[in-house]
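What follows is a single structure, written as structure tokens, with notes after it.
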There are 2 protein chains.
Amino acid sequence: MLEQNRVPYGVDKLRRAGLRPTQQRVALAELLFADGDRHITAESLYDEAVAKGVKVSLATVYNTLNQFKDAGLLREVVVRAGKSYFDTNTTTHHHFFDEQTGSIEDIDLDVDEEDLRELVKVPNGKCITAVDIVVRLRDERV
Amino acid sequence: MLEQNRVPYGVDKLRRAGLRPTQQRVALAELLFADGDRHITAESLYDEAVAKGVKVSLATVYNTLNQFKDAGLLREVVVRAGKSYFDTNTTTHHHFFDEQTGSIEDIDLDVDEEDLRELVKVPNGKCITAVDIVVRLRDERV
DNA sequence: GTAACTGCAAAACTTTTGCAACCAG
DNA sequence: CTGGTTGCAAAAGTTTTGCAGTTAC
């Protein structure tokens with residue numbers, strides 16, 4: 001009975017996504033999805049995993065993040081050339097990006113996605129996969 | 001008289017931007033600004049320069065693009081992790097990004113920038129440097 | 001048992017940097 | 001001349017890949 005409570009929360013989530021719940025994937029899923037929305041990079045998640053004693057390699061973190069993204073568990077946020085960010089919130093929303101600290105925050109923005117899509121004249125034969133809004137920030141000069 | 005017409009268009013532009021009009025900068029400026037708005041990467045501009053017989057190294061193309069950006073002659077467009085795009089149109093506007101071909105197009109989008117800025121609750125002590133909208137495209141499935 | 005997955009190291013790619021040679025003013 | 005600029009190669013940073021060994025089922 002006690003043992004059952006040890007089954008990590010992430011296992012079901014992985015199975016549902018069609019991913020075999022291996023040690024590394026379960027551990028990373030726990031880190032990612034345990035509490036609320038998170039914005040991470042491969043490097044930051046790897047550091048976190050190592051700090052918590054999870055045995056995983058950086059290459060596996062990269063691979064796992066891409067697998068999670070392909071499975072729809074994560075969303076990639078493109079805010080900076082040369083670095084990949086991932087967001088555990090896969091619903092439609094937008095981001096602040098602090099250019100000085102490199103940190104990402106969700107925007108509490110009430111833009112009607114449908115309105116925006118209708119304003120745009122999509123090229124023939126193409127369809128929209130996503131509309132991303134990034135509001136770039138820096139310190140207010142005093 | 002005839003000789004005067006040979007002075008490349010880019011020289012003045014560079015001087016005004018505080019950049020010494022060297023051979024490579026002038027040649028790259030000609031490629032970039034000669035005809036209308038362009039979206040390029042370091043690699044694509046380097047290939048183009050080499051194809052036209054311009055003597056320049058890839059490192060110099062990278063350095064030059066960053067100098068032009070810092071001088072306000074170019075704007076960086078972040079649409080894909082791991083690759084830097086630049087836009088010769090430095091006015092406020094937004095972009096289509098074709099995820100399959102990697103090509104960028106300007107959007108004919110009539111979003112009131114001020115409206116958007118007012119909708120967003122900017123964190124304390126921060127100010128907005130830019131609002132970027134990227135509409136991601138792929139082929140319509142038939 | 002076996003196919004899927006991981007770890008490691010190496011490779012691939014993009015971008016930056018150090019420094020001797022070069023060139024614009 | 002002289003300092004800013006360039007070219008080259010090397011380094012740095014991020015991400016992917018190949019393959020032998022391991023693991024989930």
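Labels for the structure tokens follow display order: chains A, B, ..., residues from 1 in each chain, ligands from 1.
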Report task. Give as a VMD selection string every residue of chain B that touches chain D within 8 Å, counting only C-alpha atoms (C1' of nucleotides). Result -> chain B and resid 22 56 to 57 60 82
Report task. Run DSSP on the backbone and grab whatever in stretch 28-93 of chain A lands in strand (DSSP E); send it over as a list of chain:residue names. Result -> A:His39, A:Ile40, A:Thr41, A:Arg75, A:Glu76, A:Val77, A:Val78, A:Val79, A:Arg80, A:Lys83, A:Ser84, A:Tyr85, A:Phe86, A:Asp87
Kindly export the residues of the current selection with N, CA, C and O atoms, as an mmCIF file, in the first residue's frame.
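Result written to again_34.cif:
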```cif
data_model
loop_
_atom_site.group_PDB
_atom_site.id
_atom_site.type_symbol
_atom_site.label_atom_id
_atom_site.label_comp_id
_atom_site.auth_asym_id
_atom_site.auth_seq_id
_atom_site.Cartn_x
_atom_site.Cartn_y
_atom_site.Cartn_z
ATOM 1 N N HIS A 39 9.826 27.836 -17.140
ATOM 2 C CA HIS A 39 10.569 28.137 -18.358
ATOM 3 C C HIS A 39 12.008 27.695 -18.141
ATOM 4 O O HIS A 39 12.682 28.202 -17.248
ATOM 5 N N ILE A 40 12.448 26.765 -18.952
ATOM 6 C CA ILE A 40 13.778 26.204 -18.721
ATOM 7 C C ILE A 40 14.577 26.077 -20.027
ATOM 8 O O ILE A 40 14.020 26.127 -21.120
ATOM 9 N N THR A 41 15.872 25.907 -19.854
ATOM 10 C CA THR A 41 16.739 25.545 -20.981
ATOM 11 C C THR A 41 17.314 24.168 -20.673
ATOM 12 O O THR A 41 17.233 23.688 -19.538
ATOM 13 N N ARG A 75 6.429 23.221 -24.899
ATOM 14 C CA ARG A 75 6.366 24.134 -26.035
ATOM 15 C C ARG A 75 7.683 24.869 -26.085
ATOM 16 O O ARG A 75 8.234 25.239 -25.051
ATOM 17 N N GLU A 76 8.226 25.042 -27.274
ATOM 18 C CA GLU A 76 9.466 25.778 -27.404
ATOM 19 C C GLU A 76 9.156 27.271 -27.499
ATOM 20 O O GLU A 76 8.191 27.671 -28.140
ATOM 21 N N VAL A 77 9.948 28.078 -26.833
ATOM 22 C CA VAL A 77 9.783 29.520 -26.888
ATOM 23 C C VAL A 77 11.045 30.108 -27.499
ATOM 24 O O VAL A 77 12.132 29.944 -26.952
ATOM 25 N N VAL A 78 10.896 30.759 -28.624
ATOM 26 C CA VAL A 78 12.063 31.323 -29.304
ATOM 27 C C VAL A 78 12.163 32.794 -28.968
ATOM 28 O O VAL A 78 11.349 33.594 -29.403
ATOM 29 N N VAL A 79 13.133 33.141 -28.153
ATOM 30 C CA VAL A 79 13.301 34.534 -27.763
ATOM 31 C C VAL A 79 14.714 35.033 -27.992
ATOM 32 O O VAL A 79 14.953 36.220 -28.038
ATOM 33 N N ARG A 80 15.647 34.093 -28.138
ATOM 34 C CA ARG A 80 17.036 34.486 -28.258
ATOM 35 C C ARG A 80 17.728 33.585 -29.260
ATOM 36 O O ARG A 80 17.607 32.361 -29.183
ATOM 37 N N LYS A 83 19.922 29.952 -28.362
ATOM 38 C CA LYS A 83 19.579 29.273 -27.115
ATOM 39 C C LYS A 83 18.112 28.842 -27.170
ATOM 40 O O LYS A 83 17.260 29.640 -27.516
ATOM 41 N N SER A 84 17.841 27.595 -26.786
ATOM 42 C CA SER A 84 16.472 27.094 -26.825
ATOM 43 C C SER A 84 15.833 27.134 -25.448
ATOM 44 O O SER A 84 16.402 26.629 -24.485
ATOM 45 N N TYR A 85 14.672 27.713 -25.365
ATOM 46 C CA TYR A 85 13.896 27.747 -24.140
ATOM 47 C C TYR A 85 12.657 26.884 -24.310
ATOM 48 O O TYR A 85 12.080 26.820 -25.396
ATOM 49 N N PHE A 86 12.245 26.244 -23.215
ATOM 50 C CA PHE A 86 11.025 25.451 -23.245
ATOM 51 C C PHE A 86 10.094 25.908 -22.131
ATOM 52 O O PHE A 86 10.543 26.360 -21.076
ATOM 53 N N ASP A 87 8.801 25.747 -22.399
ATOM 54 C CA ASP A 87 7.761 26.219 -21.489
ATOM 55 C C ASP A 87 6.840 25.035 -21.173
ATOM 56 O O ASP A 87 6.388 24.343 -22.076
#
```
Least-squares fit of chain A onto chain B (C-alpha, ordered pairing) as a compact mmCIF listing (two decimals) with N, CA and C atoms, in the first residue's frame:
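To be explicit, this is the file written out as selection_23.txt:
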```txt
# COMPACT_ATOMS: atom_id res chain seq x y z
N MET A 1 34.65 63.53 -63.48
CA MET A 1 33.18 63.58 -63.41
C MET A 1 32.60 62.18 -63.41
N LEU A 2 33.07 61.41 -64.37
CA LEU A 2 32.61 60.04 -64.40
C LEU A 2 32.97 59.31 -63.11
N GLU A 3 34.17 59.56 -62.64
CA GLU A 3 34.64 58.88 -61.43
C GLU A 3 33.69 59.09 -60.25
N GLN A 4 33.14 60.28 -60.14
CA GLN A 4 32.27 60.57 -59.00
C GLN A 4 31.08 59.62 -58.91
N ASN A 5 30.58 59.21 -60.06
CA ASN A 5 29.43 58.33 -60.08
C ASN A 5 29.76 56.94 -59.53
N ARG A 6 31.03 56.65 -59.40
CA ARG A 6 31.43 55.34 -58.91
C ARG A 6 31.38 55.25 -57.39
N VAL A 7 31.31 56.40 -56.73
CA VAL A 7 31.27 56.36 -55.27
C VAL A 7 30.06 55.55 -54.82
N PRO A 8 30.30 54.46 -54.13
CA PRO A 8 29.16 53.59 -53.79
C PRO A 8 28.20 54.30 -52.85
N TYR A 9 26.97 54.01 -53.09
CA TYR A 9 25.85 54.51 -52.32
C TYR A 9 26.01 54.31 -50.82
N GLY A 10 26.64 53.22 -50.43
CA GLY A 10 26.73 52.87 -49.02
C GLY A 10 27.67 53.72 -48.19
N VAL A 11 28.62 54.39 -48.84
CA VAL A 11 29.65 55.12 -48.11
C VAL A 11 29.07 56.15 -47.15
N ASP A 12 28.16 56.95 -47.66
CA ASP A 12 27.55 57.98 -46.81
C ASP A 12 26.80 57.37 -45.65
N LYS A 13 26.06 56.35 -45.97
CA LYS A 13 25.27 55.66 -44.95
C LYS A 13 26.16 55.18 -43.81
N LEU A 14 27.33 54.63 -44.18
CA LEU A 14 28.25 54.13 -43.16
C LEU A 14 28.84 55.28 -42.35
N ARG A 15 29.25 56.33 -43.04
CA ARG A 15 29.81 57.48 -42.32
C ARG A 15 28.80 58.04 -41.33
N ARG A 16 27.59 58.19 -41.80
CA ARG A 16 26.54 58.72 -40.92
C ARG A 16 26.35 57.85 -39.69
N ALA A 17 26.59 56.56 -39.87
CA ALA A 17 26.41 55.63 -38.75
C ALA A 17 27.67 55.55 -37.88
N GLY A 18 28.70 56.31 -38.26
CA GLY A 18 29.93 56.31 -37.47
C GLY A 18 30.83 55.13 -37.74
N LEU A 19 30.63 54.49 -38.90
CA LEU A 19 31.47 53.34 -39.25
C LEU A 19 32.40 53.70 -40.40
N ARG A 20 33.64 53.37 -40.25
CA ARG A 20 34.60 53.66 -41.31
C ARG A 20 34.24 52.84 -42.55
N PRO A 21 34.10 53.52 -43.68
CA PRO A 21 33.67 52.81 -44.90
C PRO A 21 34.81 52.00 -45.52
N THR A 22 35.04 50.84 -44.97
CA THR A 22 36.09 49.97 -45.51
C THR A 22 35.54 49.21 -46.71
N GLN A 23 36.45 48.60 -47.47
CA GLN A 23 36.04 47.84 -48.66
C GLN A 23 34.93 46.85 -48.34
N GLN A 24 35.17 46.06 -47.28
CA GLN A 24 34.20 44.99 -46.97
C GLN A 24 32.86 45.56 -46.52
N ARG A 25 32.90 46.56 -45.67
CA ARG A 25 31.65 47.13 -45.19
C ARG A 25 30.85 47.75 -46.33
N VAL A 26 31.56 48.46 -47.22
CA VAL A 26 30.86 49.09 -48.34
C VAL A 26 30.24 48.03 -49.25
N ALA A 27 31.01 46.98 -49.52
CA ALA A 27 30.49 45.92 -50.40
C ALA A 27 29.26 45.26 -49.78
N LEU A 28 29.34 44.97 -48.49
CA LEU A 28 28.21 44.31 -47.82
C LEU A 28 27.01 45.26 -47.74
N ALA A 29 27.28 46.53 -47.49
CA ALA A 29 26.18 47.50 -47.44
C ALA A 29 25.49 47.59 -48.79
N GLU A 30 26.26 47.54 -49.86
CA GLU A 30 25.68 47.56 -51.21
C GLU A 30 24.74 46.38 -51.40
N LEU A 31 25.23 45.21 -51.00
CA LEU A 31 24.40 44.01 -51.14
C LEU A 31 23.13 44.13 -50.31
N LEU A 32 23.28 44.65 -49.10
CA LEU A 32 22.15 44.69 -48.18
C LEU A 32 21.12 45.74 -48.55
N PHE A 33 21.60 46.93 -48.91
CA PHE A 33 20.68 48.06 -48.99
C PHE A 33 20.37 48.52 -50.41
N ALA A 34 20.95 47.82 -51.41
CA ALA A 34 20.77 48.29 -52.78
C ALA A 34 19.31 48.26 -53.20
N ASP A 35 18.65 47.14 -53.00
CA ASP A 35 17.27 47.12 -53.45
C ASP A 35 16.30 46.55 -52.44
N GLY A 36 15.57 47.48 -51.81
CA GLY A 36 14.44 47.13 -50.96
C GLY A 36 14.79 46.35 -49.70
N ASP A 37 13.75 45.88 -49.03
CA ASP A 37 13.92 45.18 -47.77
C ASP A 37 14.40 43.77 -48.00
N ARG A 38 15.29 43.34 -47.13
CA ARG A 38 15.83 41.99 -47.24
C ARG A 38 15.91 41.32 -45.88
N HIS A 39 15.80 40.01 -45.88
CA HIS A 39 16.00 39.21 -44.68
C HIS A 39 17.14 38.24 -44.96
N ILE A 40 18.19 38.36 -44.19
CA ILE A 40 19.37 37.55 -44.48
C ILE A 40 19.96 36.93 -43.20
N THR A 41 20.80 35.94 -43.42
CA THR A 41 21.62 35.39 -42.34
C THR A 41 23.07 35.66 -42.70
N ALA A 42 23.95 35.49 -41.74
CA ALA A 42 25.37 35.69 -42.00
C ALA A 42 25.81 34.77 -43.14
N GLU A 43 25.39 33.54 -43.06
CA GLU A 43 25.77 32.55 -44.08
C GLU A 43 25.26 32.95 -45.46
N SER A 44 24.00 33.37 -45.55
CA SER A 44 23.44 33.70 -46.87
C SER A 44 24.11 34.94 -47.45
N LEU A 45 24.41 35.91 -46.60
CA LEU A 45 25.08 37.12 -47.09
C LEU A 45 26.51 36.81 -47.52
N TYR A 46 27.16 35.94 -46.77
CA TYR A 46 28.52 35.53 -47.11
C TYR A 46 28.54 34.82 -48.46
N ASP A 47 27.62 33.90 -48.66
CA ASP A 47 27.54 33.17 -49.93
C ASP A 47 27.32 34.14 -51.08
N GLU A 48 26.43 35.08 -50.86
CA GLU A 48 26.11 36.06 -51.89
C GLU A 48 27.33 36.90 -52.24
N ALA A 49 28.05 37.32 -51.19
CA ALA A 49 29.23 38.14 -51.40
C ALA A 49 30.29 37.37 -52.19
N VAL A 50 30.52 36.14 -51.79
CA VAL A 50 31.50 35.31 -52.48
C VAL A 50 31.10 35.14 -53.95
N ALA A 51 29.81 34.87 -54.17
CA ALA A 51 29.32 34.66 -55.53
C ALA A 51 29.54 35.90 -56.39
N LYS A 52 29.49 37.07 -55.77
CA LYS A 52 29.69 38.30 -56.54
C LYS A 52 31.15 38.74 -56.55
N GLY A 53 32.03 37.89 -56.04
CA GLY A 53 33.44 38.19 -56.11
C GLY A 53 33.95 39.15 -55.05
N VAL A 54 33.14 39.42 -54.03
CA VAL A 54 33.60 40.27 -52.94
C VAL A 54 34.56 39.49 -52.06
N LYS A 55 35.71 40.11 -51.76
CA LYS A 55 36.68 39.44 -50.90
C LYS A 55 36.35 39.75 -49.45
N VAL A 56 35.81 38.78 -48.77
CA VAL A 56 35.43 38.96 -47.38
C VAL A 56 35.40 37.59 -46.70
N SER A 57 35.67 37.58 -45.44
CA SER A 57 35.62 36.31 -44.70
C SER A 57 34.30 36.20 -43.95
N LEU A 58 33.95 34.97 -43.60
CA LEU A 58 32.71 34.76 -42.88
C LEU A 58 32.73 35.47 -41.53
N ALA A 59 33.89 35.44 -40.87
CA ALA A 59 34.01 36.11 -39.56
C ALA A 59 33.70 37.60 -39.71
N THR A 60 34.20 38.19 -40.77
CA THR A 60 33.95 39.62 -40.99
C THR A 60 32.47 39.88 -41.28
N VAL A 61 31.84 38.97 -41.97
CA VAL A 61 30.40 39.13 -42.20
C VAL A 61 29.65 39.13 -40.86
N TYR A 62 29.99 38.19 -40.01
CA TYR A 62 29.37 38.16 -38.68
C TYR A 62 29.62 39.47 -37.94
N ASN A 63 30.89 39.87 -37.91
CA ASN A 63 31.22 41.10 -37.19
C ASN A 63 30.50 42.29 -37.78
N THR A 64 30.47 42.35 -39.11
CA THR A 64 29.85 43.49 -39.78
C THR A 64 28.34 43.54 -39.50
N LEU A 65 27.70 42.39 -39.54
CA LEU A 65 26.25 42.38 -39.27
C LEU A 65 25.98 42.89 -37.85
N ASN A 66 26.81 42.48 -36.91
CA ASN A 66 26.60 42.97 -35.54
C ASN A 66 26.89 44.46 -35.41
N GLN A 67 27.91 44.92 -36.15
CA GLN A 67 28.19 46.36 -36.12
C GLN A 67 27.03 47.13 -36.73
N PHE A 68 26.51 46.64 -37.84
CA PHE A 68 25.37 47.30 -38.48
C PHE A 68 24.16 47.30 -37.56
N LYS A 69 23.97 46.20 -36.88
CA LYS A 69 22.85 46.11 -35.94
C LYS A 69 23.02 47.14 -34.82
N ASP A 70 24.23 47.19 -34.24
CA ASP A 70 24.48 48.13 -33.14
C ASP A 70 24.34 49.56 -33.61
N ALA A 71 24.65 49.80 -34.89
CA ALA A 71 24.57 51.15 -35.44
C ALA A 71 23.14 51.50 -35.88
N GLY A 72 22.25 50.54 -35.77
CA GLY A 72 20.86 50.81 -36.13
C GLY A 72 20.56 50.68 -37.61
N LEU A 73 21.49 50.12 -38.38
CA LEU A 73 21.25 49.95 -39.81
C LEU A 73 20.47 48.67 -40.09
N LEU A 74 20.55 47.74 -39.15
CA LEU A 74 19.85 46.47 -39.30
C LEU A 74 19.09 46.17 -38.02
N ARG A 75 18.15 45.26 -38.14
CA ARG A 75 17.40 44.80 -36.98
C ARG A 75 17.50 43.30 -36.95
N GLU A 76 17.69 42.73 -35.78
CA GLU A 76 17.75 41.29 -35.67
C GLU A 76 16.33 40.74 -35.52
N VAL A 77 16.05 39.64 -36.19
CA VAL A 77 14.76 39.00 -36.10
C VAL A 77 14.97 37.61 -35.51
N VAL A 78 14.39 37.37 -34.37
CA VAL A 78 14.57 36.08 -33.71
C VAL A 78 13.38 35.20 -34.01
N VAL A 79 13.58 34.21 -34.85
CA VAL A 79 12.48 33.32 -35.21
C VAL A 79 12.83 31.86 -35.01
N ARG A 80 14.13 31.58 -34.92
CA ARG A 80 14.56 30.20 -34.84
C ARG A 80 15.73 30.09 -33.88
N ALA A 81 15.65 29.13 -32.97
CA ALA A 81 16.76 28.92 -32.06
C ALA A 81 17.97 28.47 -32.88
N GLY A 82 19.09 29.04 -32.61
CA GLY A 82 20.31 28.57 -33.23
C GLY A 82 20.65 29.19 -34.57
N LYS A 83 19.94 30.22 -34.95
CA LYS A 83 20.27 30.90 -36.20
C LYS A 83 19.84 32.36 -36.11
N SER A 84 20.73 33.27 -36.52
CA SER A 84 20.41 34.69 -36.45
C SER A 84 19.97 35.23 -37.80
N TYR A 85 18.86 35.89 -37.83
CA TYR A 85 18.36 36.54 -39.03
C TYR A 85 18.42 38.05 -38.84
N PHE A 86 18.69 38.76 -39.93
CA PHE A 86 18.70 40.21 -39.88
C PHE A 86 17.77 40.76 -40.95
N ASP A 87 17.21 41.93 -40.65
CA ASP A 87 16.22 42.56 -41.51
C ASP A 87 16.70 43.98 -41.83
N THR A 88 16.71 44.33 -43.10
CA THR A 88 17.16 45.68 -43.46
C THR A 88 16.08 46.72 -43.20
N ASN A 89 14.88 46.27 -42.93
CA ASN A 89 13.80 47.18 -42.56
C ASN A 89 13.83 47.36 -41.05
N THR A 90 14.26 48.54 -40.60
CA THR A 90 14.42 48.76 -39.16
C THR A 90 13.19 49.41 -38.52
N THR A 91 12.16 49.64 -39.33
CA THR A 91 10.95 50.21 -38.74
C THR A 91 10.13 49.12 -38.06
N THR A 92 9.20 49.54 -37.24
CA THR A 92 8.38 48.58 -36.50
C THR A 92 7.48 47.80 -37.43
N HIS A 93 7.68 46.51 -37.46
CA HIS A 93 6.81 45.64 -38.25
C HIS A 93 7.00 44.21 -37.77
N HIS A 94 6.24 43.29 -38.35
CA HIS A 94 6.25 41.92 -37.84
C HIS A 94 6.46 40.92 -38.96
N HIS A 95 6.56 39.63 -38.60
CA HIS A 95 7.03 38.65 -39.58
C HIS A 95 6.25 37.35 -39.63
N PHE A 96 6.17 36.84 -40.84
CA PHE A 96 5.84 35.44 -41.06
C PHE A 96 7.14 34.66 -41.02
N PHE A 97 7.08 33.47 -40.46
CA PHE A 97 8.23 32.58 -40.54
C PHE A 97 7.74 31.22 -41.03
N ASP A 98 8.24 30.81 -42.17
CA ASP A 98 7.87 29.52 -42.72
C ASP A 98 8.77 28.45 -42.09
N GLU A 99 8.19 27.63 -41.25
CA GLU A 99 8.99 26.67 -40.48
C GLU A 99 9.58 25.58 -41.37
N GLN A 100 8.99 25.39 -42.55
CA GLN A 100 9.49 24.34 -43.43
C GLN A 100 10.64 24.83 -44.31
N THR A 101 10.53 26.04 -44.81
CA THR A 101 11.58 26.55 -45.69
C THR A 101 12.58 27.43 -44.95
N GLY A 102 12.21 27.91 -43.75
CA GLY A 102 13.09 28.80 -43.03
C GLY A 102 13.08 30.23 -43.54
N SER A 103 12.11 30.55 -44.39
CA SER A 103 12.10 31.90 -44.96
C SER A 103 11.24 32.86 -44.13
N ILE A 104 11.64 34.11 -44.17
CA ILE A 104 10.95 35.17 -43.43
C ILE A 104 10.30 36.13 -44.41
N GLU A 105 9.08 36.56 -44.10
CA GLU A 105 8.41 37.59 -44.90
C GLU A 105 7.82 38.62 -43.95
N ASP A 106 7.78 39.86 -44.40
CA ASP A 106 7.12 40.87 -43.60
C ASP A 106 5.62 40.62 -43.59
N ILE A 107 5.00 40.94 -42.48
CA ILE A 107 3.55 40.83 -42.38
C ILE A 107 2.94 42.20 -42.66
N ASP A 108 1.92 42.17 -43.45
CA ASP A 108 1.13 43.37 -43.67
C ASP A 108 0.06 43.39 -42.58
N LEU A 109 0.46 43.80 -41.41
CA LEU A 109 -0.39 43.66 -40.23
C LEU A 109 -0.65 45.01 -39.59
N ASP A 110 -1.90 45.29 -39.39
CA ASP A 110 -2.26 46.61 -38.90
C ASP A 110 -2.57 46.56 -37.41
N VAL A 111 -1.58 46.16 -36.62
CA VAL A 111 -1.75 46.15 -35.17
C VAL A 111 -1.23 47.47 -34.62
N ASP A 112 -2.01 48.08 -33.79
CA ASP A 112 -1.57 49.33 -33.20
C ASP A 112 -0.59 49.02 -32.07
N GLU A 113 0.65 49.33 -32.34
CA GLU A 113 1.72 49.05 -31.37
C GLU A 113 1.42 49.67 -30.01
N GLU A 114 0.89 50.88 -30.02
CA GLU A 114 0.59 51.57 -28.76
C GLU A 114 -0.48 50.82 -27.97
N ASP A 115 -1.50 50.38 -28.68
CA ASP A 115 -2.57 49.60 -28.04
C ASP A 115 -1.99 48.39 -27.34
N LEU A 116 -1.12 47.70 -28.07
CA LEU A 116 -0.53 46.48 -27.55
C LEU A 116 0.29 46.79 -26.31
N ARG A 117 1.05 47.85 -26.38
CA ARG A 117 1.89 48.20 -25.23
C ARG A 117 1.06 48.55 -24.01
N GLU A 118 -0.11 49.13 -24.26
CA GLU A 118 -0.94 49.52 -23.13
C GLU A 118 -1.67 48.32 -22.52
N LEU A 119 -1.88 47.30 -23.33
CA LEU A 119 -2.55 46.10 -22.84
C LEU A 119 -1.67 45.32 -21.87
N VAL A 120 -0.36 45.52 -22.02
CA VAL A 120 0.60 44.72 -21.28
C VAL A 120 0.99 45.41 -19.98
N LYS A 121 1.01 44.64 -18.92
CA LYS A 121 1.41 45.19 -17.63
C LYS A 121 2.90 44.94 -17.43
N VAL A 122 3.68 45.97 -17.71
CA VAL A 122 5.14 45.83 -17.66
C VAL A 122 5.62 45.74 -16.22
N PRO A 123 6.53 44.80 -15.93
CA PRO A 123 7.05 44.66 -14.56
C PRO A 123 7.71 45.95 -14.07
N ASN A 124 7.65 46.16 -12.77
CA ASN A 124 8.24 47.35 -12.15
C ASN A 124 9.71 47.53 -12.51
N GLY A 125 10.07 48.76 -12.85
CA GLY A 125 11.47 49.05 -13.10
C GLY A 125 11.94 48.66 -14.48
N LYS A 126 11.05 48.07 -15.26
CA LYS A 126 11.43 47.64 -16.61
C LYS A 126 10.71 48.51 -17.65
N CYS A 127 11.30 48.57 -18.84
CA CYS A 127 10.62 49.22 -19.95
C CYS A 127 10.73 48.34 -21.20
N ILE A 128 9.82 48.58 -22.12
CA ILE A 128 9.76 47.76 -23.32
C ILE A 128 10.77 48.25 -24.35
N THR A 129 11.57 47.36 -24.89
CA THR A 129 12.48 47.76 -25.97
C THR A 129 11.88 47.40 -27.32
N ALA A 130 11.06 46.37 -27.36
CA ALA A 130 10.43 45.98 -28.62
C ALA A 130 9.30 45.00 -28.37
N VAL A 131 8.35 45.01 -29.30
CA VAL A 131 7.30 44.00 -29.29
C VAL A 131 7.40 43.26 -30.61
N ASP A 132 7.70 41.97 -30.54
CA ASP A 132 7.88 41.19 -31.77
C ASP A 132 6.76 40.17 -31.91
N ILE A 133 6.13 40.20 -33.06
CA ILE A 133 5.11 39.20 -33.35
C ILE A 133 5.60 38.31 -34.49
N VAL A 134 5.60 37.02 -34.26
CA VAL A 134 5.99 36.06 -35.29
C VAL A 134 4.81 35.15 -35.56
N VAL A 135 4.36 35.13 -36.81
CA VAL A 135 3.31 34.21 -37.22
C VAL A 135 3.98 33.04 -37.93
N ARG A 136 3.88 31.87 -37.33
CA ARG A 136 4.55 30.69 -37.88
C ARG A 136 3.65 29.98 -38.88
N LEU A 137 4.25 29.58 -39.98
CA LEU A 137 3.48 28.99 -41.07
C LEU A 137 3.99 27.60 -41.43
N ARG A 138 3.10 26.82 -42.01
CA ARG A 138 3.53 25.59 -42.68
C ARG A 138 2.54 25.37 -43.81
N ASP A 139 2.86 24.40 -44.69
CA ASP A 139 1.97 24.10 -45.80
C ASP A 139 0.61 23.65 -45.29
N GLU A 140 -0.40 24.14 -45.96
CA GLU A 140 -1.76 23.71 -45.66
C GLU A 140 -1.86 22.24 -46.03
N ARG A 141 -2.41 21.44 -45.15
CA ARG A 141 -2.58 20.02 -45.52
C ARG A 141 -3.76 19.93 -46.49
N VAL A 142 -3.56 19.15 -47.54
CA VAL A 142 -4.60 19.07 -48.58
C VAL A 142 -5.60 17.96 -48.31
```
Once you count only C-alpha atoms (C1' of nucleotides), what closest atom pair and distance in Å to one decimal does each residue of chain C within 12 Å of chain A have, with rows by chain and rising residue number, as JSON lines?
```
{"residue": "C:DA3", "atom": "C1'", "partner": "A:Arg20", "partner_atom": "CA", "distance": 11.5}
{"residue": "C:DA4", "atom": "C1'", "partner": "A:Arg20", "partner_atom": "CA", "distance": 8.1}
{"residue": "C:DC5", "atom": "C1'", "partner": "A:Thr22", "partner_atom": "CA", "distance": 7.7}
{"residue": "C:DT6", "atom": "C1'", "partner": "A:Thr60", "partner_atom": "CA", "distance": 6.9}
{"residue": "C:DG7", "atom": "C1'", "partner": "A:Ser57", "partner_atom": "CA", "distance": 6.4}
{"residue": "C:DC8", "atom": "C1'", "partner": "A:Ser57", "partner_atom": "CA", "distance": 8.4}
{"residue": "C:DA9", "atom": "C1'", "partner": "A:Ala59", "partner_atom": "CA", "distance": 10.6}
{"residue": "C:DC13", "atom": "C1'", "partner": "A:Gly82", "partner_atom": "CA", "distance": 10.6}
{"residue": "C:DT14", "atom": "C1'", "partner": "A:Gly82", "partner_atom": "CA", "distance": 7.7}
{"residue": "C:DT15", "atom": "C1'", "partner": "A:Gly82", "partner_atom": "CA", "distance": 8.6}
```
Query raised in the report: Among chain A, which ones does DSSP place in alpha helix (DSSP H), written as a ChimeraX atom specification?
Result: /A:10-16,23-33,42-51,58-70,113-119
